[in-house]
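What's in protein28.cif: mmCIF, C-alpha atoms; chains and numbers go by the auth columns
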data_data
#
loop_
_atom_site.group_PDB
_atom_site.id
_atom_site.type_symbol
_atom_site.label_atom_id
_atom_site.label_comp_id
_atom_site.label_asym_id
_atom_site.label_seq_id
_atom_site.Cartn_x
_atom_site.Cartn_y
_atom_site.Cartn_z
_atom_site.B_iso_or_equiv
_atom_site.auth_seq_id
_atom_site.auth_asym_id
ATOM 1 C CA MET A 1 -28.412 15.638 -4.718 0.00 6 A
ATOM 2 C CA PRO A 2 -27.476 18.977 -3.065 0.00 7 A
ATOM 3 C CA LEU A 3 -23.917 20.097 -3.667 0.00 8 A
ATOM 4 C CA SER A 4 -23.248 20.120 0.083 0.00 9 A
ATOM 5 C CA SER A 5 -24.216 16.456 0.300 0.00 10 A
ATOM 6 C CA TRP A 6 -22.024 15.587 -2.656 0.00 11 A
ATOM 7 C CA LEU A 7 -19.075 17.324 -1.109 0.00 12 A
ATOM 8 C CA SER A 8 -19.593 15.549 2.217 0.00 13 A
ATOM 9 C CA MET A 9 -19.249 12.262 0.313 0.00 14 A
ATOM 10 C CA GLY A 10 -15.818 13.256 -0.981 0.00 15 A
ATOM 11 C CA GLY A 11 -16.949 14.767 -4.278 0.00 16 A
ATOM 12 C CA PHE A 12 -13.829 16.797 -4.880 0.00 17 A
ATOM 13 C CA PRO A 13 -11.041 14.623 -6.262 0.00 18 A
ATOM 14 C CA ARG A 14 -7.796 14.442 -4.369 0.00 19 A
ATOM 15 C CA MET A 15 -5.666 16.900 -6.307 0.00 20 A
ATOM 16 C CA PHE A 16 -3.227 18.303 -3.839 0.00 21 A
ATOM 17 C CA ARG A 17 0.519 18.396 -4.093 0.00 22 A
ATOM 18 C CA ILE A 18 2.753 17.579 -1.188 0.00 23 A
ATOM 19 C CA ASP A 19 5.405 20.229 -0.679 0.00 24 A
ATOM 20 C CA ARG A 20 8.067 18.842 1.529 0.00 25 A
ATOM 21 C CA GLY A 21 11.651 19.670 2.387 0.00 26 A
ATOM 22 C CA PRO A 22 14.226 16.885 2.488 0.00 27 A
ATOM 23 C CA GLY A 23 13.472 14.299 5.147 0.00 28 A
ATOM 24 C CA ALA A 24 10.012 15.534 6.085 0.00 29 A
ATOM 25 C CA ARG A 25 7.251 12.952 5.817 0.00 30 A
ATOM 26 C CA ALA A 26 3.888 14.502 5.121 0.00 31 A
ATOM 27 C CA ALA A 27 3.640 18.257 5.230 0.00 32 A
ATOM 28 C CA ALA A 28 0.869 18.765 2.712 0.00 33 A
ATOM 29 C CA GLY A 29 -0.441 21.961 1.194 0.00 34 A
ATOM 30 C CA PRO A 30 -3.006 22.550 -1.533 0.00 35 A
ATOM 31 C CA ALA A 31 -1.783 23.327 -5.012 0.00 36 A
ATOM 32 C CA VAL A 32 -3.826 24.723 -7.861 0.00 37 A
ATOM 33 C CA ALA A 33 -6.475 22.047 -8.405 0.00 38 A
ATOM 34 C CA VAL A 34 -8.874 21.899 -11.298 0.00 39 A
ATOM 35 C CA CYS A 35 -12.200 20.234 -10.482 0.00 40 A
ATOM 36 C CA LEU A 36 -14.607 19.236 -13.247 0.00 41 A
ATOM 37 C CA LEU A 37 -18.175 19.751 -12.055 0.00 42 A
ATOM 38 C CA ALA A 38 -21.038 18.560 -14.239 0.00 43 A
ATOM 39 C CA GLY A 39 -24.619 18.794 -13.094 0.00 44 A
ATOM 40 C CA PHE A 40 -23.784 20.782 -9.926 0.00 45 A
ATOM 41 C CA ALA A 41 -22.858 24.021 -11.646 0.00 46 A
ATOM 42 C CA ALA A 42 -26.052 25.852 -10.719 0.00 47 A
ATOM 43 C CA ALA A 43 -25.589 25.192 -7.017 0.00 48 A
ATOM 44 C CA SER A 44 -21.932 26.207 -6.991 0.00 49 A
ATOM 45 C CA LEU A 45 -21.965 29.156 -9.369 0.00 50 A
ATOM 46 C CA GLY A 46 -25.413 30.579 -8.576 0.00 51 A
ATOM 47 C CA GLY A 47 -27.618 31.190 -11.547 0.00 52 A
ATOM 48 C CA GLN A 48 -25.789 29.195 -14.179 0.00 53 A
ATOM 49 C CA GLN A 49 -28.113 26.873 -16.033 0.00 54 A
ATOM 50 C CA ALA A 50 -28.417 23.484 -14.336 0.00 55 A
ATOM 51 C CA GLY A 51 -26.868 20.622 -16.251 0.00 56 A
ATOM 52 C CA SER A 52 -24.304 22.737 -18.128 0.00 57 A
ATOM 53 C CA PRO A 53 -20.705 21.671 -17.499 0.00 58 A
ATOM 54 C CA ALA A 54 -18.406 23.990 -15.599 0.00 59 A
ATOM 55 C CA VAL A 55 -14.696 23.914 -14.877 0.00 60 A
ATOM 56 C CA VAL A 56 -13.877 25.466 -11.536 0.00 61 A
ATOM 57 C CA GLN A 57 -10.432 26.314 -10.215 0.00 62 A
ATOM 58 C CA PRO A 58 -10.538 26.688 -6.415 0.00 63 A
ATOM 59 C CA GLY A 59 -8.798 29.798 -5.183 0.00 64 A
ATOM 60 C CA ALA A 60 -6.144 29.948 -2.502 0.00 65 A
ATOM 61 C CA PRO A 61 -7.401 30.349 1.088 0.00 66 A
ATOM 62 C CA GLY A 62 -9.440 33.547 1.246 0.00 67 A
ATOM 63 C CA GLU A 63 -9.598 33.942 -2.526 0.00 68 A
ATOM 64 C CA PRO A 64 -12.593 33.248 -4.789 0.00 69 A
ATOM 65 C CA THR A 65 -12.826 30.379 -7.237 0.00 70 A
ATOM 66 C CA LYS A 66 -12.440 30.954 -10.961 0.00 71 A
ATOM 67 C CA THR A 67 -14.571 29.583 -13.778 0.00 72 A
ATOM 68 C CA LEU A 68 -12.371 28.303 -16.586 0.00 73 A
ATOM 69 C CA PRO A 69 -13.269 27.573 -20.219 0.00 74 A
ATOM 70 C CA ALA A 70 -15.271 24.391 -20.743 0.00 75 A
ATOM 71 C CA SER A 71 -12.441 23.083 -22.928 0.00 76 A
ATOM 72 C CA THR A 72 -10.095 22.962 -19.902 0.00 77 A
ATOM 73 C CA HIS A 73 -8.785 19.476 -19.152 0.00 78 A
ATOM 74 C CA ALA A 74 -7.056 18.150 -16.055 0.00 79 A
ATOM 75 C CA THR A 75 -3.417 17.180 -16.564 0.00 80 A
ATOM 76 C CA LEU A 76 -1.000 15.058 -14.586 0.00 81 A
ATOM 77 C CA PRO A 77 1.324 17.094 -12.361 0.00 82 A
ATOM 78 C CA PRO A 78 4.943 17.404 -13.489 0.00 83 A
ATOM 79 C CA ILE A 79 7.197 14.587 -12.332 0.00 84 A
ATOM 80 C CA ALA A 80 10.712 14.686 -10.974 0.00 85 A
ATOM 81 C CA ALA A 81 13.460 12.580 -12.530 0.00 86 A
ATOM 82 C CA ALA A 82 14.034 11.034 -9.090 0.00 87 A
ATOM 83 C CA ASP A 83 10.409 9.845 -9.040 0.00 88 A
ATOM 84 C CA VAL A 84 10.872 7.989 -12.322 0.00 89 A
ATOM 85 C CA GLU A 85 14.186 6.491 -11.211 0.00 90 A
ATOM 86 C CA PHE A 86 12.637 5.392 -7.914 0.00 91 A
ATOM 87 C CA MET A 87 9.776 3.579 -9.618 0.00 92 A
ATOM 88 C CA GLN A 88 12.035 1.964 -12.245 0.00 93 A
ATOM 89 C CA GLY A 89 14.535 0.905 -9.593 0.00 94 A
ATOM 90 C CA MET A 90 11.859 -0.438 -7.276 0.00 95 A
ATOM 91 C CA ILE A 91 10.436 -2.571 -10.097 0.00 96 A
ATOM 92 C CA MET A 92 13.849 -4.195 -10.457 0.00 97 A
ATOM 93 C CA HIS A 93 14.178 -4.502 -6.681 0.00 98 A
ATOM 94 C CA HIS A 94 10.734 -6.085 -6.249 0.00 99 A
ATOM 95 C CA SER A 95 11.373 -8.454 -9.160 0.00 100 A
ATOM 96 C CA GLN A 96 14.295 -10.061 -7.350 0.00 101 A
ATOM 97 C CA ALA A 97 12.192 -10.495 -4.204 0.00 102 A
ATOM 98 C CA VAL A 98 9.523 -12.287 -6.265 0.00 103 A
ATOM 99 C CA GLU A 99 12.265 -14.460 -7.792 0.00 104 A
ATOM 100 C CA MET A 100 13.461 -15.375 -4.298 0.00 105 A
ATOM 101 C CA THR A 101 9.983 -16.329 -3.108 0.00 106 A
ATOM 102 C CA ALA A 102 9.431 -18.494 -6.203 0.00 107 A
ATOM 103 C CA LEU A 103 12.094 -20.904 -4.860 0.00 108 A
ATOM 104 C CA ILE A 104 10.211 -21.591 -1.624 0.00 109 A
ATOM 105 C CA PRO A 105 7.776 -24.352 -2.721 0.00 110 A
ATOM 106 C CA SER A 106 10.588 -26.600 -3.999 0.00 111 A
ATOM 107 C CA HIS A 107 13.187 -25.759 -1.358 0.00 112 A
ATOM 108 C CA THR A 108 11.501 -25.844 2.056 0.00 113 A
ATOM 109 C CA ALA A 109 8.522 -27.273 3.916 0.00 114 A
ATOM 110 C CA ASN A 110 8.719 -24.626 6.679 0.00 115 A
ATOM 111 C CA LYS A 111 5.168 -23.327 7.035 0.00 116 A
ATOM 112 C CA ASP A 112 6.235 -19.951 8.434 0.00 117 A
ATOM 113 C CA VAL A 113 8.701 -19.339 5.605 0.00 118 A
ATOM 114 C CA ARG A 114 6.053 -20.371 3.088 0.00 119 A
ATOM 115 C CA ALA A 115 3.529 -17.984 4.647 0.00 120 A
ATOM 116 C CA ILE A 116 5.808 -14.929 4.708 0.00 121 A
ATOM 117 C CA GLY A 117 7.036 -15.778 1.205 0.00 122 A
ATOM 118 C CA ALA A 118 3.486 -15.957 -0.177 0.00 123 A
ATOM 119 C CA LYS A 119 2.679 -12.572 1.378 0.00 124 A
ATOM 120 C CA ILE A 120 5.808 -10.929 -0.043 0.00 125 A
ATOM 121 C CA SER A 121 5.268 -12.472 -3.487 0.00 126 A
ATOM 122 C CA SER A 122 1.635 -11.367 -3.722 0.00 127 A
ATOM 123 C CA SER A 123 2.129 -7.819 -2.442 0.00 128 A
ATOM 124 C CA GLN A 124 5.252 -7.088 -4.460 0.00 129 A
ATOM 125 C CA ALA A 125 3.851 -8.547 -7.692 0.00 130 A
ATOM 126 C CA ASP A 126 0.824 -6.257 -7.290 0.00 131 A
ATOM 127 C CA GLU A 127 3.105 -3.291 -6.609 0.00 132 A
ATOM 128 C CA ILE A 128 5.178 -4.054 -9.715 0.00 133 A
ATOM 129 C CA ARG A 129 2.019 -3.827 -11.837 0.00 134 A
ATOM 130 C CA MET A 130 1.049 -0.546 -10.158 0.00 135 A
ATOM 131 C CA MET A 131 4.511 0.959 -10.796 0.00 136 A
ATOM 132 C CA GLN A 132 4.442 -0.162 -14.424 0.00 137 A
ATOM 133 C CA ARG A 133 1.035 1.501 -14.912 0.00 138 A
ATOM 134 C CA TRP A 134 2.289 4.702 -13.241 0.00 139 A
ATOM 135 C CA LEU A 135 5.318 4.883 -15.541 0.00 140 A
ATOM 136 C CA ALA A 136 3.393 3.986 -18.706 0.00 141 A
ATOM 137 C CA ALA A 137 0.761 6.662 -17.987 0.00 142 A
ATOM 138 C CA ARG A 138 3.561 9.224 -17.988 0.00 143 A
ATOM 139 C CA GLY A 139 5.298 7.937 -21.100 0.00 144 A
ATOM 140 C CA GLN A 140 8.251 6.557 -19.145 0.00 145 A
ATOM 141 C CA ALA A 141 10.130 3.283 -19.636 0.00 146 A
ATOM 142 C CA THR A 142 9.188 0.610 -17.122 0.00 147 A
ATOM 143 C CA SER A 143 12.795 -0.591 -16.850 0.00 148 A
ATOM 144 C CA MET A 144 16.096 1.112 -16.101 0.00 149 A
ATOM 145 C CA GLU A 145 17.864 -1.342 -18.394 0.00 150 A
ATOM 146 C CA MET A 146 18.486 -0.910 -22.094 0.00 151 A
ATOM 147 C CA PRO A 147 16.465 -3.455 -24.125 0.00 152 A
ATOM 148 C CA GLY A 148 18.639 -6.467 -24.924 0.00 153 A
ATOM 149 C CA MET A 149 21.483 -5.276 -22.715 0.00 154 A
ATOM 150 C CA PRO A 150 20.960 -6.478 -19.147 0.00 155 A
ATOM 151 C CA GLY A 151 22.990 -4.598 -16.587 0.00 156 A
ATOM 152 C CA MET A 152 23.246 -1.439 -18.710 0.00 157 A
ATOM 153 C CA ASP A 153 21.236 1.697 -18.024 0.00 158 A
ATOM 154 C CA MET A 154 19.563 3.935 -20.613 0.00 159 A
ATOM 155 C CA SER A 155 22.816 5.854 -21.133 0.00 160 A
ATOM 156 C CA GLY A 156 24.741 2.649 -21.824 0.00 161 A
ATOM 157 C CA LYS A 157 26.668 2.758 -18.553 0.00 162 A
ATOM 158 C CA PRO A 158 26.919 -0.251 -16.188 0.00 163 A
ATOM 159 C CA MET A 159 24.109 -0.144 -13.644 0.00 164 A
ATOM 160 C CA ALA A 160 24.878 0.023 -9.954 0.00 165 A
ATOM 161 C CA PRO A 161 22.915 -2.604 -8.018 0.00 166 A
ATOM 162 C CA MET A 162 19.901 -1.370 -6.088 0.00 167 A
ATOM 163 C CA PRO A 163 20.481 -1.158 -2.310 0.00 168 A
ATOM 164 C CA GLY A 164 20.051 -4.498 -0.565 0.00 169 A
ATOM 165 C CA MET A 165 19.734 -6.631 -3.684 0.00 170 A
ATOM 166 C CA LEU A 166 21.384 -10.028 -3.461 0.00 171 A
ATOM 167 C CA THR A 167 24.541 -10.606 -5.466 0.00 172 A
ATOM 168 C CA PRO A 168 24.629 -13.350 -8.128 0.00 173 A
ATOM 169 C CA GLU A 169 26.654 -15.438 -5.665 0.00 174 A
ATOM 170 C CA GLN A 170 24.013 -15.041 -2.952 0.00 175 A
ATOM 171 C CA MET A 171 21.232 -15.976 -5.359 0.00 176 A
ATOM 172 C CA GLU A 172 23.158 -19.056 -6.492 0.00 177 A
ATOM 173 C CA ALA A 173 23.685 -20.147 -2.872 0.00 178 A
ATOM 174 C CA LEU A 174 19.952 -19.705 -2.228 0.00 179 A
ATOM 175 C CA ARG A 175 19.054 -21.828 -5.264 0.00 180 A
ATOM 176 C CA ASN A 176 21.395 -24.617 -4.112 0.00 181 A
ATOM 177 C CA ALA A 177 20.157 -24.719 -0.506 0.00 182 A
ATOM 178 C CA HIS A 178 17.296 -26.809 0.880 0.00 183 A
ATOM 179 C CA GLY A 179 15.523 -27.250 4.192 0.00 184 A
ATOM 180 C CA ALA A 180 16.831 -25.365 7.212 0.00 185 A
ATOM 181 C CA GLU A 181 19.791 -23.955 5.284 0.00 186 A
ATOM 182 C CA PHE A 182 17.452 -22.503 2.677 0.00 187 A
ATOM 183 C CA ASP A 183 15.288 -21.015 5.425 0.00 188 A
ATOM 184 C CA ARG A 184 18.299 -19.303 6.954 0.00 189 A
ATOM 185 C CA LEU A 185 19.586 -17.948 3.645 0.00 190 A
ATOM 186 C CA PHE A 186 16.137 -16.828 2.553 0.00 191 A
ATOM 187 C CA LEU A 187 15.394 -14.950 5.785 0.00 192 A
ATOM 188 C CA THR A 188 18.804 -13.275 6.000 0.00 193 A
ATOM 189 C CA GLY A 189 18.657 -12.423 2.299 0.00 194 A
ATOM 190 C CA MET A 190 15.145 -10.996 2.446 0.00 195 A
ATOM 191 C CA ILE A 191 15.966 -8.937 5.543 0.00 196 A
ATOM 192 C CA GLN A 192 18.925 -7.511 3.601 0.00 197 A
ATOM 193 C CA HIS A 193 16.627 -6.952 0.609 0.00 198 A
ATOM 194 C CA HIS A 194 13.917 -5.169 2.634 0.00 199 A
ATOM 195 C CA THR A 195 16.517 -3.008 4.379 0.00 200 A
ATOM 196 C CA GLY A 196 17.705 -1.865 0.963 0.00 201 A
ATOM 197 C CA ALA A 197 14.152 -0.861 0.021 0.00 202 A
ATOM 198 C CA LEU A 198 14.021 1.342 3.136 0.00 203 A
ATOM 199 C CA VAL A 199 17.210 3.050 1.937 0.00 204 A
ATOM 200 C CA MET A 200 15.600 3.687 -1.456 0.00 205 A
ATOM 201 C CA VAL A 201 12.555 5.287 0.178 0.00 206 A
ATOM 202 C CA LYS A 202 14.764 7.448 2.388 0.00 207 A
ATOM 203 C CA ASP A 203 16.816 8.577 -0.607 0.00 208 A
ATOM 204 C CA LEU A 204 13.622 9.493 -2.477 0.00 209 A
ATOM 205 C CA PHE A 205 12.290 11.657 0.340 0.00 210 A
ATOM 206 C CA ASN A 206 15.714 13.249 0.853 0.00 211 A
ATOM 207 C CA THR A 207 15.820 14.403 -2.788 0.00 212 A
ATOM 208 C CA ALA A 208 14.576 17.951 -3.285 0.00 213 A
ATOM 209 C CA GLY A 209 11.394 18.050 -5.379 0.00 214 A
ATOM 210 C CA ALA A 210 10.914 14.267 -5.354 0.00 215 A
ATOM 211 C CA GLY A 211 8.171 12.223 -3.723 0.00 216 A
ATOM 212 C CA GLN A 212 5.570 15.011 -4.055 0.00 217 A
ATOM 213 C CA ASP A 213 3.307 13.049 -6.392 0.00 218 A
ATOM 214 C CA ALA A 214 0.484 11.793 -4.159 0.00 219 A
ATOM 215 C CA GLU A 215 0.551 8.252 -5.575 0.00 220 A
ATOM 216 C CA ILE A 216 4.308 7.924 -5.139 0.00 221 A
ATOM 217 C CA PHE A 217 4.154 9.365 -1.623 0.00 222 A
ATOM 218 C CA ASP A 218 1.457 6.880 -0.578 0.00 223 A
ATOM 219 C CA PHE A 219 3.260 3.953 -2.200 0.00 224 A
ATOM 220 C CA ALA A 220 6.683 4.795 -0.746 0.00 225 A
ATOM 221 C CA THR A 221 5.161 5.279 2.699 0.00 226 A
ATOM 222 C CA ASP A 222 3.431 1.890 2.441 0.00 227 A
ATOM 223 C CA VAL A 223 6.718 0.254 1.391 0.00 228 A
ATOM 224 C CA ASP A 224 8.478 1.787 4.383 0.00 229 A
ATOM 225 C CA ASN A 225 5.810 0.743 6.884 0.00 230 A
ATOM 226 C CA GLY A 226 5.141 -2.705 5.412 0.00 231 A
ATOM 227 C CA GLN A 227 8.732 -3.773 4.976 0.00 232 A
ATOM 228 C CA ARG A 228 9.732 -2.581 8.441 0.00 233 A
ATOM 229 C CA ALA A 229 6.992 -4.818 9.853 0.00 234 A
ATOM 230 C CA GLU A 230 8.107 -7.788 7.720 0.00 235 A
ATOM 231 C CA ILE A 231 11.719 -7.303 8.780 0.00 236 A
ATOM 232 C CA ARG A 232 10.670 -7.638 12.434 0.00 237 A
ATOM 233 C CA ILE A 233 8.703 -10.802 11.637 0.00 238 A
ATOM 234 C CA MET A 234 11.616 -12.376 9.746 0.00 239 A
ATOM 235 C CA GLN A 235 14.094 -11.436 12.477 0.00 240 A
ATOM 236 C CA GLY A 236 11.905 -13.343 14.950 0.00 241 A
ATOM 237 C CA MET A 237 11.728 -16.326 12.595 0.00 242 A
ATOM 238 C CA LEU A 238 15.500 -16.280 12.208 0.00 243 A
ATOM 239 C CA ARG A 239 15.980 -16.291 15.993 0.00 244 A
ATOM 240 C CA ASN A 240 13.681 -19.306 16.260 0.00 245 A
ATOM 241 C CA LEU A 241 15.725 -21.151 13.643 0.00 246 A
ATOM 242 C CA GLU A 242 18.952 -20.407 15.475 0.00 247 A
ATOM 243 C CA ASN A 243 17.501 -21.572 18.809 0.00 248 A
ATOM 244 C CA LYS A 244 16.590 -24.939 17.264 0.00 249 A
ATOM 245 C CA ASN A 245 20.176 -25.577 16.235 0.00 250 A
#
Write-out of the structure in structure tokens:
Amino acid sequence: MPLSSWLSMGGFPRMFRIDRGPGARAAAGPAVAVCLLAGFAAASLGGQQAGSPAVVQPGAPGEPTKTLPASTHATLPPIAAADVEFMQGMIMHHSQAVEMTALIPSHTANKDVRAIGAKISSSQADEIRMMQRWLAARGQATSMEMPGMPGMDMSGKPMAPMPGMLTPEQMEALRNAHGAEFDRLFLTGMIQHHTGALVMVKDLFNTAGAGQDAEIFDFATDVDNGQRAEIRIMQGMLRNLENKN
């Protein structure tokens, strides 16, 4: 396959860093990217024997590419402490949302509440697994808590609750409610919960040097967009409940 055809199919991996000031959403600029090209070296380097591996570092705009030693390996970009804290905190945050949705089958027959609960449970459980993989790949703990000491962070200090998370009293009230009362508590609680997640995303993007990892940026943006949409849906459901009473 000609190199031009390969490139048109998205041959270069996405290896760009997002440089962004506090509060900005997606001002992206290319960083130094290392692309491993095997089998296309002759077309790209002109004259190099076909089939021999080559490691090419694209130059900045207007500058030539560089051929690096064949022993060069791609590495993960450096991570900010705020990125790690965001992912660890969001795992904890999502876990409570999944716990809330697990009460639905035994506490209400409301089809709309069951539908939104199933969607939240599925999406957030998948996101928890993604965040755990992201942290493990970078040698980071997948929890902010010290093993065997719930409520304590890695430094041994009491953990502040994540924004929007329900208090133990709110969770107990939710467990004890059934029917329409459960529906009301679930919707108000999950709206509070989702609003807290939006605060966490905002804090991430407002932290200098954080949120530049492409995977974190995409995930945090999806959380912001998805949970804003779900908040609007649940607000409408809550209004319908209130109108019936």
- prompt: Of the residues A:Ala130, A:Asn230, A:Ala86, A:Met95, which is the one nearest to Thr212 in chain A, using only C-alpha atoms?
  reply: A:Ala86
- prompt: Between A:Asn211, A:Thr193, A:Ser111, A:Thr72, which has the minimum distance to Met176 in chain A (counting all atoms listed in the file)?
  reply: A:Thr193
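When the PyMOL selection byres ((chain A and resi 137) around 10) is run on the displayed coordinates, the residues it returns are Met92, Gln93, Ile96, Glu132, Ile133, Arg134, Met135, Met136, Arg138, Trp139, Leu140, Ala141, Ala142, Gln145, Ala146, Thr147 and Ser148 of chain A.
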Would you write out those residues with C-alpha atoms, as a short mmCIF file (atom, residue, chain, number, x, y, z; two decimals), keeping the file's coordinate frame?
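part-v6.cif, written as the output of this step:
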data_model
loop_
_atom_site.label_atom_id
_atom_site.label_comp_id
_atom_site.auth_asym_id
_atom_site.auth_seq_id
_atom_site.Cartn_x
_atom_site.Cartn_y
_atom_site.Cartn_z
CA MET A 92 9.78 3.58 -9.62
CA GLN A 93 12.04 1.96 -12.24
CA ILE A 96 10.44 -2.57 -10.10
CA GLU A 132 3.10 -3.29 -6.61
CA ILE A 133 5.18 -4.05 -9.72
CA ARG A 134 2.02 -3.83 -11.84
CA MET A 135 1.05 -0.55 -10.16
CA MET A 136 4.51 0.96 -10.80
CA ARG A 138 1.03 1.50 -14.91
CA TRP A 139 2.29 4.70 -13.24
CA LEU A 140 5.32 4.88 -15.54
CA ALA A 141 3.39 3.99 -18.71
CA ALA A 142 0.76 6.66 -17.99
CA GLN A 145 8.25 6.56 -19.14
CA ALA A 146 10.13 3.28 -19.64
CA THR A 147 9.19 0.61 -17.12
CA SER A 148 12.80 -0.59 -16.85
#
task: Could you list the residues chosen by the PyMOL selection byres ((chain A and resi 222) around 10) in this structure as a VMD selection string?
output: chain A and resid 23 30 to 31 88 206 209 to 210 215 to 221 223 to 228
Answer key for the PyMOL selection byres ((chain A and resi 108) around 12), residues as a JSON list (two decimals) with C-alpha atoms, in the frame of the given file:
[["chain", "number", "residue", "atom", "x", "y", "z"],
["A", 101, "GLN", "CA", 14.30, -10.06, -7.35],
["A", 102, "ALA", "CA", 12.19, -10.50, -4.20],
["A", 103, "VAL", "CA", 9.52, -12.29, -6.26],
["A", 104, "GLU", "CA", 12.26, -14.46, -7.79],
["A", 105, "MET", "CA", 13.46, -15.38, -4.30],
["A", 106, "THR", "CA", 9.98, -16.33, -3.11],
["A", 107, "ALA", "CA", 9.43, -18.49, -6.20],
["A", 109, "ILE", "CA", 10.21, -21.59, -1.62],
["A", 110, "PRO", "CA", 7.78, -24.35, -2.72],
["A", 111, "SER", "CA", 10.59, -26.60, -4.00],
["A", 112, "HIS", "CA", 13.19, -25.76, -1.36],
["A", 113, "THR", "CA", 11.50, -25.84, 2.06],
["A", 114, "ALA", "CA", 8.52, -27.27, 3.92],
["A", 118, "VAL", "CA", 8.70, -19.34, 5.60],
["A", 119, "ARG", "CA", 6.05, -20.37, 3.09],
["A", 122, "GLY", "CA", 7.04, -15.78, 1.20],
["A", 123, "ALA", "CA", 3.49, -15.96, -0.18],
["A", 126, "SER", "CA", 5.27, -12.47, -3.49],
["A", 176, "MET", "CA", 21.23, -15.98, -5.36],
["A", 177, "GLU", "CA", 23.16, -19.06, -6.49],
["A", 178, "ALA", "CA", 23.68, -20.15, -2.87],
["A", 179, "LEU", "CA", 19.95, -19.70, -2.23],
["A", 180, "ARG", "CA", 19.05, -21.83, -5.26],
["A", 181, "ASN", "CA", 21.40, -24.62, -4.11],
["A", 182, "ALA", "CA", 20.16, -24.72, -0.51],
["A", 183, "HIS", "CA", 17.30, -26.81, 0.88],
["A", 184, "GLY", "CA", 15.52, -27.25, 4.19],
["A", 187, "PHE", "CA", 17.45, -22.50, 2.68],
["A", 188, "ASP", "CA", 15.29, -21.02, 5.42],
["A", 190, "LEU", "CA", 19.59, -17.95, 3.64],
["A", 191, "PHE", "CA", 16.14, -16.83, 2.55]]
field: Between CA of Ile121 in chain A and CA of Val89 in chain A - distance in Å to one decimal
entry: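 So the two atoms, CA of Val89 in chain A and CA of Ile121 in chain A, lie 29.0 Å apart.
What separates CA of Lys116 in chain A from CA of Glu186 in chain A is a distance of 14.7 Å.
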task: In Å, rounded to a single decimal, give me how far CA of Ala213 in chain A is from CA of Pro63 in chain A.
output: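 That distance, rounded to one decimal, is 26.8 Å.
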- prompt: Quick one: residues within 10 Å of Ile236 in chain A, all atoms listed in the file counted, chain neighbours fewer than 2 positions away excluded, as a PyMOL selection string?
  reply: chain A and resi 192-193+195-200+231-234+238-242
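Using only C-alpha atoms, the shortest contact distance between Ala87 in chain A and any of A:Glu174, A:Met205, A:Lys249, A:Lys124 is found at A:Met205.
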